[in-house]
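**Student:** The structure follows.
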Amino acid sequence: MRGVQPFARGLRTLLGLALLVAASSAVLAQPAPLQTVPSVDVQRYMGTWHEIAKYPNWFQKKCASSTQATYSLQADGRVQVLNRCKTDKGEWSEALGAARQIGGPTSAQLKVRFAPEWLSFIPVVWGDYWIIDLDADYQWVVVSEPQREYLWILSRTPQMPAATYQALLAKLDKLGFDLKRIEPSKP
């Protein structure tokens, strides 16, 4: 029996070390916190953006093609958001929402809501909309949020040059996004 106790202690030590290595590997595998672009000119951002690719999500399940978002600056400084897409029946489906910047007037962090305005006082109806990559000429943009659960690649045109798209995928891979989840959109 005496030989069993040192063996058991050794086994416990070995298991403890294995758990410590596994836990530290999991921490090291976590991507760095997501960063936004340094600044956004809201006036230049206004207009229509076409969805090139996305992480599939529950609120776009009915979208079959032609997904786009149109941003319009309102007189009170808020931004109106009109998301629309064609269903598999060829009909347009629309969702009207609002966006507001979090931070200063050039902040790339926004909050967006599609719930009715009378619910806008409830924080949970506002979703994070972070601009994490943006073309200098505002011809394409990549949008996500801190947990990387949502992702959109948008363009001013219904199609994006293949080289640009591949370069964006390479950047997203380095930022810790799962490229297998990305679903190209149909124009």
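By convention here, the chains of the structure tokens are called A, B, ... in the order presented, each chain's residues are numbered starting at 1, and ligands are numbered starting at 1 in the order presented.
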Fewer than 6 positions away in the same chain doesn't count, so skip those; otherwise give me all residues within 10 Å of Arg148 of chain A, counting only C-alpha atoms, as a PyMOL selection string.

**Tutor:** chain A and resi 31+33-34+55+175-178

**Student:** Any chance you could export the current selection's all heavy atoms as a PDB file, in the first residue's frame?

**Tutor:**
```
ATOM      1  N   PRO A  31      -8.299  35.475 -28.733  1.00  0.00           N
ATOM      2  CA  PRO A  31      -7.791  36.589 -29.528  1.00  0.00           C
ATOM      3  C   PRO A  31      -7.739  37.868 -28.692  1.00  0.00           C
ATOM      4  O   PRO A  31      -8.449  37.996 -27.693  1.00  0.00           O
ATOM      5  CB  PRO A  31      -8.801  36.712 -30.670  1.00  0.00           C
ATOM      6  CG  PRO A  31     -10.014  35.985 -30.216  1.00  0.00           C
ATOM      7  CD  PRO A  31      -9.577  34.988 -29.178  1.00  0.00           C
ATOM      8  N   PRO A  33      -8.435  41.687 -27.587  1.00  0.00           N
ATOM      9  CA  PRO A  33      -9.689  42.445 -27.669  1.00  0.00           C
ATOM     10  C   PRO A  33      -9.822  43.127 -29.030  1.00  0.00           C
ATOM     11  O   PRO A  33      -8.839  43.628 -29.588  1.00  0.00           O
ATOM     12  CB  PRO A  33      -9.556  43.471 -26.546  1.00  0.00           C
ATOM     13  CG  PRO A  33      -8.608  42.845 -25.580  1.00  0.00           C
ATOM     14  CD  PRO A  33      -7.646  42.045 -26.425  1.00  0.00           C
ATOM     15  N   LEU A  34     -11.014  43.114 -29.550  1.00  0.00           N
ATOM     16  CA  LEU A  34     -11.278  43.675 -30.873  1.00  0.00           C
ATOM     17  C   LEU A  34     -11.125  45.199 -30.836  1.00  0.00           C
ATOM     18  O   LEU A  34     -11.590  45.854 -29.902  1.00  0.00           O
ATOM     19  CB  LEU A  34     -12.688  43.287 -31.320  1.00  0.00           C
ATOM     20  CG  LEU A  34     -13.025  43.485 -32.779  1.00  0.00           C
ATOM     21  CD1 LEU A  34     -12.086  42.682 -33.675  1.00  0.00           C
ATOM     22  CD2 LEU A  34     -14.455  43.068 -33.048  1.00  0.00           C
ATOM     23  N   TYR A  55     -21.452  36.535 -41.046  1.00  0.00           N
ATOM     24  CA  TYR A  55     -21.704  35.375 -40.211  1.00  0.00           C
ATOM     25  C   TYR A  55     -23.217  35.191 -40.256  1.00  0.00           C
ATOM     26  O   TYR A  55     -23.955  36.159 -40.018  1.00  0.00           O
ATOM     27  CB  TYR A  55     -21.302  35.638 -38.768  1.00  0.00           C
ATOM     28  CG  TYR A  55     -19.857  35.362 -38.402  1.00  0.00           C
ATOM     29  CD1 TYR A  55     -19.434  35.603 -37.102  1.00  0.00           C
ATOM     30  CD2 TYR A  55     -18.921  34.854 -39.297  1.00  0.00           C
ATOM     31  CE1 TYR A  55     -18.129  35.362 -36.710  1.00  0.00           C
ATOM     32  CE2 TYR A  55     -17.621  34.607 -38.911  1.00  0.00           C
ATOM     33  CZ  TYR A  55     -17.220  34.873 -37.617  1.00  0.00           C
ATOM     34  OH  TYR A  55     -15.925  34.632 -37.231  1.00  0.00           O
ATOM     35  N   LEU A 175      -7.342  38.528 -36.858  1.00  0.00           N
ATOM     36  CA  LEU A 175      -8.086  39.135 -35.749  1.00  0.00           C
ATOM     37  C   LEU A 175      -8.862  38.102 -34.928  1.00  0.00           C
ATOM     38  O   LEU A 175      -9.564  38.464 -33.990  1.00  0.00           O
ATOM     39  CB  LEU A 175      -9.051  40.199 -36.282  1.00  0.00           C
ATOM     40  CG  LEU A 175      -8.407  41.460 -36.847  1.00  0.00           C
ATOM     41  CD1 LEU A 175      -9.465  42.359 -37.480  1.00  0.00           C
ATOM     42  CD2 LEU A 175      -7.647  42.209 -35.759  1.00  0.00           C
ATOM     43  N   GLY A 176      -8.760  36.826 -35.300  1.00  0.00           N
ATOM     44  CA  GLY A 176      -9.402  35.779 -34.522  1.00  0.00           C
ATOM     45  C   GLY A 176     -10.801  35.402 -34.970  1.00  0.00           C
ATOM     46  O   GLY A 176     -11.520  34.726 -34.239  1.00  0.00           O
ATOM     47  N   PHE A 177     -11.198  35.802 -36.164  1.00  0.00           N
ATOM     48  CA  PHE A 177     -12.513  35.418 -36.672  1.00  0.00           C
ATOM     49  C   PHE A 177     -12.433  34.033 -37.298  1.00  0.00           C
ATOM     50  O   PHE A 177     -11.420  33.664 -37.891  1.00  0.00           O
ATOM     51  CB  PHE A 177     -13.023  36.433 -37.704  1.00  0.00           C
ATOM     52  CG  PHE A 177     -13.495  37.709 -37.090  1.00  0.00           C
ATOM     53  CD1 PHE A 177     -12.620  38.755 -36.877  1.00  0.00           C
ATOM     54  CD2 PHE A 177     -14.817  37.858 -36.698  1.00  0.00           C
ATOM     55  CE1 PHE A 177     -13.031  39.935 -36.284  1.00  0.00           C
ATOM     56  CE2 PHE A 177     -15.253  39.034 -36.102  1.00  0.00           C
ATOM     57  CZ  PHE A 177     -14.359  40.076 -35.895  1.00  0.00           C
ATOM     58  N   ASP A 178     -13.511  33.265 -37.166  1.00  0.00           N
ATOM     59  CA  ASP A 178     -13.589  31.920 -37.729  1.00  0.00           C
ATOM     60  C   ASP A 178     -14.018  32.035 -39.188  1.00  0.00           C
ATOM     61  O   ASP A 178     -15.194  32.288 -39.481  1.00  0.00           O
ATOM     62  CB  ASP A 178     -14.594  31.089 -36.925  1.00  0.00           C
ATOM     63  CG  ASP A 178     -14.729  29.667 -37.430  1.00  0.00           C
ATOM     64  OD1 ASP A 178     -14.083  29.303 -38.436  1.00  0.00           O
ATOM     65  OD2 ASP A 178     -15.498  28.907 -36.813  1.00  0.00           O
TER      66      ASP A 178
END
```

**Student:** Based on the backbone DSSP call, show me all residues of chain A assigned helix (DSSP H, G or I), as an MDAnalysis selection string.

**Tutor:** chainID A and resid 4:29 42:45 58:60 117:119 123:125 162:174 179:181

**Student:** Would you put the residues from that selection into a file with C-alpha atoms, as a compact mmCIF listing (two decimals), in the first residue's frame?

**Tutor:**
```
# COMPACT_ATOMS: atom_id res chain seq x y z
CA VAL A 4 0.29 3.34 -4.00
CA GLN A 5 0.38 6.66 -2.08
CA PRO A 6 3.43 8.11 -3.89
CA PHE A 7 1.96 6.90 -7.18
CA ALA A 8 -1.40 8.57 -6.39
CA ARG A 9 0.36 11.80 -5.37
CA GLY A 10 2.39 11.72 -8.57
CA LEU A 11 -0.73 11.09 -10.61
CA ARG A 12 -2.53 14.01 -8.91
CA THR A 13 0.47 16.26 -9.58
CA LEU A 14 0.58 15.18 -13.21
CA LEU A 15 -3.18 15.76 -13.63
CA GLY A 16 -2.88 19.16 -11.93
CA LEU A 17 -0.08 20.18 -14.30
CA ALA A 18 -2.09 18.95 -17.30
CA LEU A 19 -5.08 21.04 -16.21
CA LEU A 20 -2.86 24.08 -15.66
CA VAL A 21 -1.33 23.72 -19.14
CA ALA A 22 -4.79 23.26 -20.69
CA ALA A 23 -6.17 26.32 -18.88
CA SER A 24 -3.21 28.51 -19.83
CA SER A 25 -3.44 27.33 -23.45
CA ALA A 26 -7.12 28.30 -23.53
CA VAL A 27 -6.26 31.76 -22.20
CA LEU A 28 -3.42 32.16 -24.70
CA ALA A 29 -5.70 31.01 -27.55
CA VAL A 42 -20.20 59.87 -40.35
CA GLN A 43 -21.18 62.05 -43.33
CA ARG A 44 -19.02 59.90 -45.66
CA TYR A 45 -20.42 56.71 -44.13
CA TRP A 58 -31.18 34.54 -36.88
CA PHE A 59 -32.52 37.95 -37.93
CA GLN A 60 -31.39 37.57 -41.56
CA GLU A 117 -38.52 53.72 -30.65
CA TRP A 118 -40.66 53.61 -27.51
CA LEU A 119 -38.42 50.75 -26.29
CA PRO A 123 -30.29 49.07 -23.09
CA VAL A 124 -30.73 45.48 -24.34
CA VAL A 125 -32.52 46.63 -27.53
CA ALA A 162 -11.78 39.18 -55.34
CA ALA A 163 -8.34 40.44 -54.27
CA THR A 164 -9.92 42.90 -51.81
CA TYR A 165 -12.18 40.20 -50.39
CA GLN A 166 -9.26 37.77 -49.93
CA ALA A 167 -7.18 40.48 -48.24
CA LEU A 168 -10.04 41.18 -45.83
CA LEU A 169 -10.39 37.48 -45.04
CA ALA A 170 -6.66 37.32 -44.24
CA LYS A 171 -7.04 40.31 -41.87
CA LEU A 172 -10.09 38.74 -40.22
CA ASP A 173 -8.21 35.49 -39.70
CA LYS A 174 -5.43 37.39 -37.88
CA LEU A 179 -13.38 32.02 -41.53
CA LYS A 180 -15.41 28.80 -41.78
CA ARG A 181 -18.44 30.69 -40.44
```

**Student:** Do you know which residues are at most 9 Å from Gly127 of chain A counting only C-alpha atoms, after dropping those on the same chain fewer than 4 positions away, and could you put them as a list of chain:residue names?

**Tutor:**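 So, after excluding close chain neighbours, the residues are A:Leu110, A:Lys111, A:Val112, A:Arg113, A:Pro123, A:Glu145.
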
**Student:** Extract, using only C-alpha atoms, all DNA, RNA and protein residues at most 8 Å from segment 142-144 of chain A, discarding same-chain residues fewer than 6 positions from it, and format them as an NGL selection string.

**Tutor:** :A and (128-134 or 150-154)

**Student:** What is the distance between atom CA of Gly47 of chain A and atom CA of Cys85 of chain A, in Å to one decimal?

**Tutor:**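 Between atom CA of Gly47 of chain A and atom CA of Cys85 of chain A the gap works out to 15.7 Å.
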
**Student:** Would you mind reading off the distance between atom CA of Pro184 of chain A and atom CA of Ala98 of chain A, one decimal, in Å?

**Tutor:**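 Interatomic distance here is 25.5 Å.
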
**Student:** For Tyr138 of chain A, which residue out of A:Ser93, A:Gln159, A:Thr48, A:Gln30 is the nearest one, using only C-alpha atoms?

**Tutor:** A:Thr48

**Student:** Could you name the residues that touch Glu91 of chain A at 12 Å or less, counting only C-alpha atoms, but leaving out those on the same chain fewer than 2 positions away, as a PyMOL selection string?

**Tutor:** chain A and resi 62-67+84-89+93-94

**Student:** Restricting it to N, CA, C and O atoms, dump the selection as an mmCIF file, in the first residue's frame.

**Tutor:**
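Result went into part38.cif, see below:
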```cif
data_model
loop_
_atom_site.group_PDB
_atom_site.id
_atom_site.type_symbol
_atom_site.label_atom_id
_atom_site.label_comp_id
_atom_site.auth_asym_id
_atom_site.auth_seq_id
_atom_site.Cartn_x
_atom_site.Cartn_y
_atom_site.Cartn_z
ATOM 1 N N LYS A 62 -34.422 35.095 -43.439
ATOM 2 C CA LYS A 62 -35.322 35.219 -44.589
ATOM 3 C C LYS A 62 -34.637 35.841 -45.803
ATOM 4 O O LYS A 62 -35.168 35.826 -46.899
ATOM 5 N N CYS A 63 -33.431 36.398 -45.633
ATOM 6 C CA CYS A 63 -32.730 37.071 -46.725
ATOM 7 C C CYS A 63 -32.099 36.062 -47.671
ATOM 8 O O CYS A 63 -31.283 35.244 -47.263
ATOM 9 N N ALA A 64 -32.484 36.133 -48.942
ATOM 10 C CA ALA A 64 -31.938 35.230 -49.956
ATOM 11 C C ALA A 64 -30.926 35.939 -50.846
ATOM 12 O O ALA A 64 -29.983 35.321 -51.333
ATOM 13 N N SER A 65 -31.112 37.258 -51.069
ATOM 14 C CA SER A 65 -30.198 37.999 -51.949
ATOM 15 C C SER A 65 -30.389 39.499 -51.763
ATOM 16 O O SER A 65 -31.296 39.944 -51.054
ATOM 17 N N SER A 66 -29.532 40.258 -52.424
ATOM 18 C CA SER A 66 -29.631 41.726 -52.494
ATOM 19 C C SER A 66 -29.697 42.406 -51.126
ATOM 20 O O SER A 66 -30.381 43.415 -50.968
ATOM 21 N N THR A 67 -28.974 41.888 -50.156
ATOM 22 C CA THR A 67 -29.009 42.478 -48.814
ATOM 23 C C THR A 67 -28.216 43.773 -48.795
ATOM 24 O O THR A 67 -27.089 43.833 -49.273
ATOM 25 N N ARG A 84 -32.518 46.061 -45.848
ATOM 26 C CA ARG A 84 -33.469 45.404 -46.736
ATOM 27 C C ARG A 84 -32.779 44.287 -47.495
ATOM 28 O O ARG A 84 -31.567 44.290 -47.688
ATOM 29 N N CYS A 85 -33.597 43.326 -47.895
ATOM 30 C CA CYS A 85 -33.093 42.198 -48.673
ATOM 31 C C CYS A 85 -34.260 41.584 -49.435
ATOM 32 O O CYS A 85 -35.420 41.863 -49.145
ATOM 33 N N LYS A 86 -33.921 40.746 -50.401
ATOM 34 C CA LYS A 86 -34.951 40.003 -51.124
ATOM 35 C C LYS A 86 -35.087 38.622 -50.489
ATOM 36 O O LYS A 86 -34.097 37.980 -50.154
ATOM 37 N N THR A 87 -36.330 38.197 -50.346
ATOM 38 C CA THR A 87 -36.607 36.863 -49.816
ATOM 39 C C THR A 87 -36.482 35.845 -50.943
ATOM 40 O O THR A 87 -36.314 36.220 -52.117
ATOM 41 N N ASP A 88 -36.618 34.576 -50.617
ATOM 42 C CA ASP A 88 -36.543 33.542 -51.663
ATOM 43 C C ASP A 88 -37.705 33.639 -52.650
ATOM 44 O O ASP A 88 -37.665 33.061 -53.727
ATOM 45 N N LYS A 89 -38.748 34.406 -52.306
ATOM 46 C CA LYS A 89 -39.875 34.635 -53.215
ATOM 47 C C LYS A 89 -39.663 35.874 -54.075
ATOM 48 O O LYS A 89 -40.529 36.254 -54.863
ATOM 49 N N SER A 93 -37.876 42.578 -48.115
ATOM 50 C CA SER A 93 -38.151 42.578 -46.682
ATOM 51 C C SER A 93 -37.322 43.709 -46.088
ATOM 52 O O SER A 93 -36.135 43.841 -46.403
ATOM 53 N N GLU A 94 -37.940 44.546 -45.253
ATOM 54 C CA GLU A 94 -37.249 45.712 -44.708
ATOM 55 C C GLU A 94 -37.353 45.774 -43.194
ATOM 56 O O GLU A 94 -38.349 45.337 -42.613
#
```

**Student:** So what do you get for atom CA of Gly103 of chain A versus atom CA of Ser72 of chain A, distance-wise?

**Tutor:**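 Distance between the two atoms: 19.3 Å.
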